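Take a look at the structure below.
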Amino acid sequence: MNLDFNEDQEILRSSAKSFAEKECPKDTVRKIEESEEGYSPDIWKKMAELGWMGIAFPEEYGGYGGDFMNLIVLMEEIGRNILPSPFFSTVVLSGLTILEGGTEEQKTEYLSKIAAGEIIMALALYESNTSYNASGITVTASSKDDGYVINGTKLFVADANIADCLLVATRTEETANPEEGVTLFFVDAKASGITCTKMPTMGADNMCEVILDNVTVSKDAVLGNAGNGWDVLKKSSEKAIMAKCAEMVGGMEASLEMTNAYAKERVQYGNPIGKYQAIQHFLANMWIKVDTSKNILYEASWMVGENIPCSKKVSAAKNWINEGYKFVTERGIQIHGGIGTTREGDIGLYYRRAKAAELMLGDTNHHLEQVAKEMGL
Amino acid sequence: MDFNFTPEQEKLKREFETFFSEEMKKAPPIYQTGGLEAMLSHDEGWEFHRSMARKLGERGWLSLAWPKKYGGQEASVIDQVIFSEVRGYHKAPGVDIFGIGIVAPTLLVAASEEQKERFLPPIAKAEVMYCQGWSEPNAGSDLASLTTKAVQDGDDYIINGQKIWTSGAHRADMMFTLVRTNPNEKRGKGLTYLLLDMKTPGITIRPIENMDRTHMFNEVFFDDVRVPIANRIGNENEGWAITRQSMNFERSSVGVFSENMRTLEELVQFTKEVKRDGKPLSENQVIRNKLAELSTELEIGRALAYKIAWMQQKGGLFMVASAASAAKVFGSELAQRLTYLGCEIMGMYGQVAHSKWAKLNGKFTSDYQNCLGHNIAAGTSEIQRNLIAWVGLGLPR
């Protein structure tokens with residue numbers, strides 16, 4: 001047993017941390033939130049130059065071939081600072097799905113482009129029914145001539161507004177088992193018939209509605225094989241869930257740290273408020289949530305990276321961290337007092353992201369039900 | 001990073017599993033209701049505990065962590081945690097939490113050679129069981145304010161005063177205690193650490209019944225009780241510092257999580273077998289969610305325990321004082337939540353104690369009345385949170 005990160009991972013962590021702090025102070029985060037693009041092309045370019053886009057892919061596809069924990073370290077630092085960018089959409093949601101289910105040709109083409117920072121991608125998964133299960137996929141793709149025609153509306157598609165290419169989950173066949181008949185397509189984001197509109201979400205995270213109206217694609221646009229899209233998504237989503245959890249844990253750590261610092265400097269009744277037991281116990285409870293979240297994050301992530309079956313641990317981690325991030329930021333605001341509730345207070349940036357992150361890749365009730373199934377209930 | 005056990009540890013784990021699953025088949029029925037109460041409240045429970053302890057002693061499993069010189073195996077903290085995890089899962093008695101958990105580690109760091117040779121082997125062989133003489137009526141969380149006093153007289157100390165909340169005083173052979181040897185000093189100064197024989201004249205034990213009439217706690221009165229000075233651990237008036245040093249034993253709380261994991265499995269089985277309004281309880285969405293929450297928390301607790309073990313193995317307790325506090329408070333509050341959930345799921349049967357009407361041997365009904373003690377004993381949940389705030393977060397005292 002060795003529960004420490006290796007030296008390369010520690011170096012990656014500290015360089016990612018100082019990069020994010022330098023390039024993206026909180027005022028920059030607020031500016032990016034208010035921009036139409038919702039990201040900074042300048043920072044994105046620098047992230048690519050640092051090699052971050054290739055962190056999750058094998059060398060043969062232009063990546064760095066490192067282990068999965070490298071991605072976890074990086075996501076934790078992205079979450080700690082808040083670094084708004086299409087990294088999660090492109091590298092994690094789309095890249096890892098292509099790595100899981102793409103043909104050799106597709107992997108070579110798309111992953112090397114992603115690794116080089118040449119394209120932004122978005123995964124179009126959810127719809128107005130907001131189901132996290134396969135039955136939620138109702139957008140249709142029907143065979144026509146030598147290709148397919150896609151019709152329907154996708155919701156909560158992160159970064160579709162800035163993507164070059166969309167990966168769209170569709171239903172190509174109606175079967176009794178909704179997990180069959182799902183097909184993923186590469187779709188040019190500028191293709192005719194696509195209308196993309198930003199949704200005003202709490203996390204200011206480029207969530208979009210994507211309407212697909214008779215969008216035609218060729219047969220080659222199918223990711224891997226037609227009909228097995230859900231299997232591919234199921235496998236890649238375990239990695240994506242852990243990467244999202246890492247981002248959330250980073251945010252939890254930052255929220256605790258800034259609240260603890262504030263409790264030491266804010267003086268009332270002649271003492272720092274952190275001297276009072278009510279505040280100390282709030283902070284102790286926050287500390288427990290952060291520490292326990294980190295432990296389960298690393299254990300479940302390591303198992304996913306080693307391909308050890310661990311669906312229950314993954315769902316345990318996500319539901320625990322969902323609730324933990326909300327808890328830590330809510331208490332954080334209480335301890336900050338009035339300033340915590342404002343636009344200028346940094347803790348609020350994390351509070352809003354905690355809710356957004358909960359809803360990505362399975363909310364708490366969804367993952368509790370997954371745990372229940374794994375328990376044999 | 002690597003979460004795997006070594007092949008040797010896997011082998012050790014299987015060895016523990018085989019042993020405990022075999023031995024627990026012989027447990028008296030009272031163990032189905034609850035471990036600690038069974039052990040301390042009932043003669044047959046206590047006998048089973050002692051016979052299990054002797055078997056563990058024969059295998060050297062009670063002294064896994066000790067130096068070889070004193071009969072130990074110098075096993076790693078992870079090895080000890082594996083032992084505690086398996087034992088917890090099987091809800092097996094046999095480990096004297098005071099002798100093995102506190103006295104032995106204290107002796108190893110603070111006792112003279114002569115004392116180590118005199119006191120350690122009987123602990124390793126489970127010939128002698130200890131109780132803890134710390135709390136007093138006016139010294140609970142604020143332990144250092146204790147007033148039971150000891151005065152030197154020839155080769156002895158003469159002790160007068162009272163201890164309370166002494167778990168198993170009515171069963172133990174020996175007590176380790178803190179007494180005030182310098183009445184002019186306040187708080188941690190002027191306290192001395194003694195080991196004493198519970199059969200010494202002048203000791204009176206008065207039982208304190210739990211609300212469900214089980215008997216774990218006692219008051220212990222000292223009237224001119226003579227204890228040899230040779231039983232003093234460390235120097236006179238320096239007992240407080242010694243209690244601090246002894247905290248470097250395995251503190252992951254892993255057994256709490258594995259024991260509750262087993263209890264949850266029993267509860268899950270119950271929900272599959274029992275129907276209400278024509279439908280198994282396991283198909284009730286509210287119940288499923290709540291069971292999944294507990295299962296999640298147990299996964300989280302286990303991960304925390306192994307993290308603590310790993311940190312301890314690397315750097316000793318000071319690395320993890322706040323994490324150990326977190327595991328304690330998280331573990332006892334989790335056990336309480338599981339108990340409440342069990343009672344809730346049982347509906348009207350949640351109130352029925354061990355009897356022909358009881359479900360799952362009345363375990364949840366028993367725990368409902370006894371689980372709160374764990375939020376108070378060994379440092380209340382509030383004290384643990386204070387420690388996390390002071391040590392883990394550096395907040396002002």
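By order in the structure tokens, chains are A, B, ...; within a chain, residues start at 1; ligands start at 1, following the order shown.
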
Q: Pick out the chain B residues within 8 Å of chain A. Count only C-alpha atoms. Give them as a PyMOL selection string.
A: chain B and resi 1-6+268+272+282-283+288-289+291-293+295-297+299-301+303-304+307+310+323+326+382+385-386+388-389+392-393+395-397

**Q.** stretch 184-189 of chain B surroundings by only C-alpha atoms, 6 Å radius, close-in-sequence under 4 positions cut, as a list in words
**A.** Ala144, Ser145 and Trp240 of chain B

**Q.** Close residues, A:Thr195 itself excluded, 9 Å, only C-alpha atoms, min 4 positions apart in chain, as a ChimeraX atom specification
**A.** /A:190,209-213

Q: Please identify all polymer residues within 12 Å of stretch 29-32 of chain A, counting only C-alpha atoms, omitting same-chain residues fewer than 2 positions from it, and present them as JSON, numbers by chain.
A: {"A": [20, 21, 22, 23, 24, 25, 26, 27, 34, 35, 36, 37, 38, 39, 40, 41, 42, 43, 78, 81, 82, 83, 84, 85, 203, 204, 205, 206, 343, 344, 345, 346, 348, 349, 350]}

Residues just named, written with C-alpha atoms as a PDB file, in the first residue's frame:
```pdb
ATOM      1  CA  ALA A  20      -4.099  28.901 -12.341  1.00  0.00           C
ATOM      2  CA  GLU A  21      -3.423  31.467  -9.614  1.00  0.00           C
ATOM      3  CA  LYS A  22      -1.360  33.637 -11.938  1.00  0.00           C
ATOM      4  CA  GLU A  23      -3.491  33.389 -15.071  1.00  0.00           C
ATOM      5  CA  CYS A  24      -6.934  33.326 -13.552  1.00  0.00           C
ATOM      6  CA  PRO A  25      -7.434  35.454 -10.427  1.00  0.00           C
ATOM      7  CA  LYS A  26     -11.048  35.673  -9.249  1.00  0.00           C
ATOM      8  CA  ASP A  27     -11.712  38.944 -11.071  1.00  0.00           C
ATOM      9  CA  GLU A  34     -19.917  37.499 -18.063  1.00  0.00           C
ATOM     10  CA  SER A  35     -18.426  37.007 -21.529  1.00  0.00           C
ATOM     11  CA  GLU A  36     -20.383  35.433 -24.371  1.00  0.00           C
ATOM     12  CA  GLU A  37     -17.681  32.811 -25.014  1.00  0.00           C
ATOM     13  CA  GLY A  38     -17.510  31.839 -21.349  1.00  0.00           C
ATOM     14  CA  TYR A  39     -13.804  31.031 -21.573  1.00  0.00           C
ATOM     15  CA  SER A  40     -10.537  32.799 -22.245  1.00  0.00           C
ATOM     16  CA  PRO A  41      -8.962  31.768 -25.580  1.00  0.00           C
ATOM     17  CA  ASP A  42      -5.696  33.145 -24.276  1.00  0.00           C
ATOM     18  CA  ILE A  43      -5.653  30.962 -21.161  1.00  0.00           C
ATOM     19  CA  ILE A  78      -8.621  23.415 -11.827  1.00  0.00           C
ATOM     20  CA  ASN A  81      -8.695  27.895  -8.342  1.00  0.00           C
ATOM     21  CA  ILE A  82     -11.748  27.857 -10.644  1.00  0.00           C
ATOM     22  CA  LEU A  83     -10.409  27.926 -14.164  1.00  0.00           C
ATOM     23  CA  PRO A  84     -13.335  28.269 -16.550  1.00  0.00           C
ATOM     24  CA  SER A  85     -12.467  26.512 -19.804  1.00  0.00           C
ATOM     25  CA  GLY A 203     -22.603  27.967 -12.663  1.00  0.00           C
ATOM     26  CA  ALA A 204     -22.243  30.337 -15.656  1.00  0.00           C
ATOM     27  CA  ASP A 205     -20.688  27.319 -17.302  1.00  0.00           C
ATOM     28  CA  ASN A 206     -21.667  27.585 -20.963  1.00  0.00           C
ATOM     29  CA  ARG A 343     -21.216  38.924  -6.234  1.00  0.00           C
ATOM     30  CA  GLU A 344     -17.841  40.194  -5.008  1.00  0.00           C
ATOM     31  CA  GLY A 345     -17.368  37.520  -2.343  1.00  0.00           C
ATOM     32  CA  ASP A 346     -15.246  34.668  -3.702  1.00  0.00           C
ATOM     33  CA  GLY A 348     -20.157  32.525  -3.721  1.00  0.00           C
ATOM     34  CA  LEU A 349     -18.303  31.514  -6.895  1.00  0.00           C
ATOM     35  CA  TYR A 350     -17.777  28.097  -5.310  1.00  0.00           C
TER      36      TYR A 350
END
```

Q. Can you tell me how far atom CA of B:Lys69 sits from atom CA of B:Gly99, in Å to one decimal?
A. 18.4 Å

Q: Quick one: pull the distance between atom CA of A:Val139 and atom CA of A:Arg171, Å, one decimal.
A: 6.0 Å

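Of the listed residues A:Gly117, A:Gly332, A:Gly362, A:Pro200, the one whose atoms come nearest to A:Asn133 is A:Gly362, with distances taken using only C-alpha atoms.
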
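Neighbouring residues of B:Asp197 at 7 Å or closer, counting only C-alpha atoms and skipping chain neighbours under 5 positions away, are Asp173, Met174 and Met175 of chain B.
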
Serialized selection, N, CA, C and O atoms, as a compact mmCIF listing (two decimals), in the first residue's frame:
```txt
# COMPACT_ATOMS: atom_id res chain seq x y z
N ASP B 173 -9.29 -7.18 35.96
CA ASP B 173 -8.34 -7.59 36.99
C ASP B 173 -7.53 -6.40 37.48
O ASP B 173 -7.13 -6.36 38.64
N MET B 174 -7.25 -5.49 36.59
CA MET B 174 -6.38 -4.36 36.92
C MET B 174 -7.02 -3.07 36.43
O MET B 174 -7.86 -3.07 35.54
N MET B 175 -6.55 -1.96 37.02
CA MET B 175 -6.97 -0.64 36.55
C MET B 175 -5.74 0.20 36.26
O MET B 175 -4.74 0.10 36.99
```

Q) So which residues touch A:Asp67 within 10 Å, counting only C-alpha atoms, skipping near sequence neighbours fewer than 4 positions away, as a ChimeraX atom specification? A) /A:9,55-58,71-72,302,305-306

Keeping only N, CA, C and O atoms, write those residues as a PDB file, in the first residue's frame.
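What landed in again_4.pdb:
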```
ATOM      1  N   GLN A   9       3.748  13.762  -9.980  1.00  0.00           N
ATOM      2  CA  GLN A   9       2.382  14.246  -9.725  1.00  0.00           C
ATOM      3  C   GLN A   9       2.405  15.459  -8.803  1.00  0.00           C
ATOM      4  O   GLN A   9       1.617  16.387  -8.970  1.00  0.00           O
ATOM      5  N   ILE A  55      -3.074  14.970 -21.394  1.00  0.00           N
ATOM      6  CA  ILE A  55      -2.756  14.282 -20.137  1.00  0.00           C
ATOM      7  C   ILE A  55      -3.476  12.941 -19.986  1.00  0.00           C
ATOM      8  O   ILE A  55      -2.988  12.046 -19.313  1.00  0.00           O
ATOM      9  N   ALA A  56      -4.623  12.803 -20.659  1.00  0.00           N
ATOM     10  CA  ALA A  56      -5.437  11.599 -20.423  1.00  0.00           C
ATOM     11  C   ALA A  56      -5.293  10.556 -21.528  1.00  0.00           C
ATOM     12  O   ALA A  56      -5.957   9.525 -21.485  1.00  0.00           O
ATOM     13  N   PHE A  57      -4.453  10.841 -22.531  1.00  0.00           N
ATOM     14  CA  PHE A  57      -4.410   9.941 -23.689  1.00  0.00           C
ATOM     15  C   PHE A  57      -3.055   9.246 -23.827  1.00  0.00           C
ATOM     16  O   PHE A  57      -2.024   9.805 -23.468  1.00  0.00           O
ATOM     17  N   PRO A  58      -3.086   8.039 -24.426  1.00  0.00           N
ATOM     18  CA  PRO A  58      -1.822   7.327 -24.679  1.00  0.00           C
ATOM     19  C   PRO A  58      -0.957   8.081 -25.701  1.00  0.00           C
ATOM     20  O   PRO A  58      -1.478   8.872 -26.500  1.00  0.00           O
ATOM     21  N   LEU A  71      -4.587  13.048 -14.281  1.00  0.00           N
ATOM     22  CA  LEU A  71      -5.773  13.835 -14.619  1.00  0.00           C
ATOM     23  C   LEU A  71      -6.500  14.274 -13.346  1.00  0.00           C
ATOM     24  O   LEU A  71      -7.005  15.400 -13.268  1.00  0.00           O
ATOM     25  N   ILE A  72      -6.536  13.386 -12.360  1.00  0.00           N
ATOM     26  CA  ILE A  72      -7.197  13.717 -11.097  1.00  0.00           C
ATOM     27  C   ILE A  72      -6.494  14.897 -10.421  1.00  0.00           C
ATOM     28  O   ILE A  72      -7.146  15.834  -9.939  1.00  0.00           O
ATOM     29  N   TRP A 302      -8.270   5.785  -8.185  1.00  0.00           N
ATOM     30  CA  TRP A 302      -7.184   4.826  -8.427  1.00  0.00           C
ATOM     31  C   TRP A 302      -7.745   3.513  -8.969  1.00  0.00           C
ATOM     32  O   TRP A 302      -7.226   2.942  -9.922  1.00  0.00           O
ATOM     33  N   GLY A 305      -8.786   3.922 -12.554  1.00  0.00           N
ATOM     34  CA  GLY A 305      -7.588   3.975 -13.399  1.00  0.00           C
ATOM     35  C   GLY A 305      -6.951   2.606 -13.599  1.00  0.00           C
ATOM     36  O   GLY A 305      -6.371   2.326 -14.646  1.00  0.00           O
ATOM     37  N   GLU A 306      -7.064   1.751 -12.599  1.00  0.00           N
ATOM     38  CA  GLU A 306      -6.487   0.401 -12.678  1.00  0.00           C
ATOM     39  C   GLU A 306      -7.467  -0.611 -13.277  1.00  0.00           C
ATOM     40  O   GLU A 306      -7.187  -1.812 -13.288  1.00  0.00           O
TER      41      GLU A 306
END
```

Q: Any chance you could list, as JSON, numbers by chain, the residues in stretch 105-271 of chain B that come up helix (DSSP H, G or I) when DSSP is run on the backbone?
A: {"B": [105, 106, 107, 108, 109, 110, 113, 114, 115, 116, 117, 118, 119, 120, 121, 122, 123, 124, 143, 144, 145, 229, 230, 231, 239, 240, 241, 242, 243, 244, 245, 254, 255, 256, 257, 258, 259, 260, 261, 262, 263, 264, 265, 266, 267, 268, 269, 270, 271]}

Restricted to C-alpha atoms, what would the selected residues look like written as a PDB file, in the first residue's frame?
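The resulting file, result_27.pdb, is reproduced below:
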```pdb
ATOM      1  CA  PRO B 105       1.468   1.206  24.289  1.00  0.00           C
ATOM      2  CA  THR B 106       1.939   3.331  27.414  1.00  0.00           C
ATOM      3  CA  LEU B 107       4.224   0.770  29.025  1.00  0.00           C
ATOM      4  CA  LEU B 108       6.239   0.466  25.837  1.00  0.00           C
ATOM      5  CA  VAL B 109       7.075   4.168  25.810  1.00  0.00           C
ATOM      6  CA  ALA B 110       7.108   5.060  29.510  1.00  0.00           C
ATOM      7  CA  GLU B 113      12.437  -2.536  31.936  1.00  0.00           C
ATOM      8  CA  GLU B 114      11.332  -4.315  35.089  1.00  0.00           C
ATOM      9  CA  GLN B 115       7.754  -3.067  34.643  1.00  0.00           C
ATOM     10  CA  LYS B 116       7.664  -4.023  30.981  1.00  0.00           C
ATOM     11  CA  GLU B 117       8.698  -7.560  31.858  1.00  0.00           C
ATOM     12  CA  ARG B 118       6.191  -7.738  34.699  1.00  0.00           C
ATOM     13  CA  PHE B 119       3.129  -6.236  32.986  1.00  0.00           C
ATOM     14  CA  LEU B 120       3.434  -6.835  29.227  1.00  0.00           C
ATOM     15  CA  PRO B 121       3.432 -10.664  28.952  1.00  0.00           C
ATOM     16  CA  PRO B 122       0.148 -11.103  30.881  1.00  0.00           C
ATOM     17  CA  ILE B 123      -1.466  -8.561  28.532  1.00  0.00           C
ATOM     18  CA  ALA B 124      -0.145 -10.333  25.430  1.00  0.00           C
ATOM     19  CA  LEU B 143     -10.014  15.361  32.753  1.00  0.00           C
ATOM     20  CA  ALA B 144      -7.040  17.298  34.096  1.00  0.00           C
ATOM     21  CA  SER B 145      -9.190  18.777  36.855  1.00  0.00           C
ATOM     22  CA  ILE B 229       5.145   2.683  44.283  1.00  0.00           C
ATOM     23  CA  ALA B 230       6.669   0.030  42.011  1.00  0.00           C
ATOM     24  CA  ASN B 231       3.380   0.208  40.048  1.00  0.00           C
ATOM     25  CA  GLY B 239       1.400  11.237  34.535  1.00  0.00           C
ATOM     26  CA  TRP B 240      -0.330  13.713  32.238  1.00  0.00           C
ATOM     27  CA  ALA B 241       2.504  13.741  29.728  1.00  0.00           C
ATOM     28  CA  ILE B 242       2.482   9.942  29.753  1.00  0.00           C
ATOM     29  CA  THR B 243      -1.187   9.770  28.814  1.00  0.00           C
ATOM     30  CA  ARG B 244      -0.354  11.908  25.804  1.00  0.00           C
ATOM     31  CA  GLN B 245       2.441   9.610  24.650  1.00  0.00           C
ATOM     32  CA  VAL B 254     -11.577   0.826  11.134  1.00  0.00           C
ATOM     33  CA  GLY B 255     -13.386  -1.765  13.264  1.00  0.00           C
ATOM     34  CA  VAL B 256     -16.303   0.591  13.817  1.00  0.00           C
ATOM     35  CA  PHE B 257     -16.805   0.851  10.069  1.00  0.00           C
ATOM     36  CA  SER B 258     -16.473  -2.857   9.312  1.00  0.00           C
ATOM     37  CA  GLU B 259     -18.745  -3.821  12.200  1.00  0.00           C
ATOM     38  CA  ASN B 260     -21.416  -1.445  10.963  1.00  0.00           C
ATOM     39  CA  MET B 261     -20.894  -2.682   7.408  1.00  0.00           C
ATOM     40  CA  ARG B 262     -21.914  -6.115   8.659  1.00  0.00           C
ATOM     41  CA  THR B 263     -24.900  -4.686  10.509  1.00  0.00           C
ATOM     42  CA  LEU B 264     -25.993  -2.880   7.363  1.00  0.00           C
ATOM     43  CA  GLU B 265     -25.776  -6.124   5.403  1.00  0.00           C
ATOM     44  CA  GLU B 266     -28.060  -7.766   7.951  1.00  0.00           C
ATOM     45  CA  LEU B 267     -30.484  -4.870   7.667  1.00  0.00           C
ATOM     46  CA  VAL B 268     -30.450  -5.053   3.855  1.00  0.00           C
ATOM     47  CA  GLN B 269     -31.245  -8.749   4.029  1.00  0.00           C
ATOM     48  CA  PHE B 270     -34.138  -7.937   6.365  1.00  0.00           C
ATOM     49  CA  THR B 271     -35.606  -5.431   3.900  1.00  0.00           C
TER      50      THR B 271
END
```

Apply DSSP to the backbone of this structure and, from stretch 224-272 of chain B, keep only the residues in strand (DSSP E); write these as a PDB file with N, CA and C atoms, in the first residue's frame.
```pdb
ATOM      1  N   ASP B 224      -8.491   4.603  51.362  1.00  0.00           N
ATOM      2  CA  ASP B 224      -7.161   4.161  51.822  1.00  0.00           C
ATOM      3  C   ASP B 224      -6.671   2.924  51.074  1.00  0.00           C
ATOM      4  N   VAL B 225      -6.713   2.989  49.770  1.00  0.00           N
ATOM      5  CA  VAL B 225      -6.261   1.866  48.932  1.00  0.00           C
ATOM      6  C   VAL B 225      -4.743   1.968  48.749  1.00  0.00           C
ATOM      7  N   ARG B 226      -4.017   0.906  49.109  1.00  0.00           N
ATOM      8  CA  ARG B 226      -2.551   0.931  49.040  1.00  0.00           C
ATOM      9  C   ARG B 226      -2.079   0.325  47.713  1.00  0.00           C
ATOM     10  N   VAL B 227      -1.300   1.119  46.978  1.00  0.00           N
ATOM     11  CA  VAL B 227      -0.756   0.659  45.693  1.00  0.00           C
ATOM     12  C   VAL B 227       0.764   0.795  45.755  1.00  0.00           C
ATOM     13  N   PRO B 228       1.495  -0.283  45.427  1.00  0.00           N
ATOM     14  CA  PRO B 228       2.963  -0.191  45.502  1.00  0.00           C
ATOM     15  C   PRO B 228       3.507   0.917  44.595  1.00  0.00           C
ATOM     16  N   ARG B 232       4.017   2.532  39.758  1.00  0.00           N
ATOM     17  CA  ARG B 232       3.907   3.853  39.132  1.00  0.00           C
ATOM     18  C   ARG B 232       4.633   3.832  37.787  1.00  0.00           C
ATOM     19  N   ILE B 233       3.945   4.307  36.747  1.00  0.00           N
ATOM     20  CA  ILE B 233       4.574   4.359  35.423  1.00  0.00           C
ATOM     21  C   ILE B 233       5.116   5.769  35.233  1.00  0.00           C
TER      22      ILE B 233
END
```

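Using only C-alpha atoms, the shortest contact distance between A:Leu155 and any of A:Ser135, A:Thr201, A:Gly193, A:Thr183 is found at A:Thr201.
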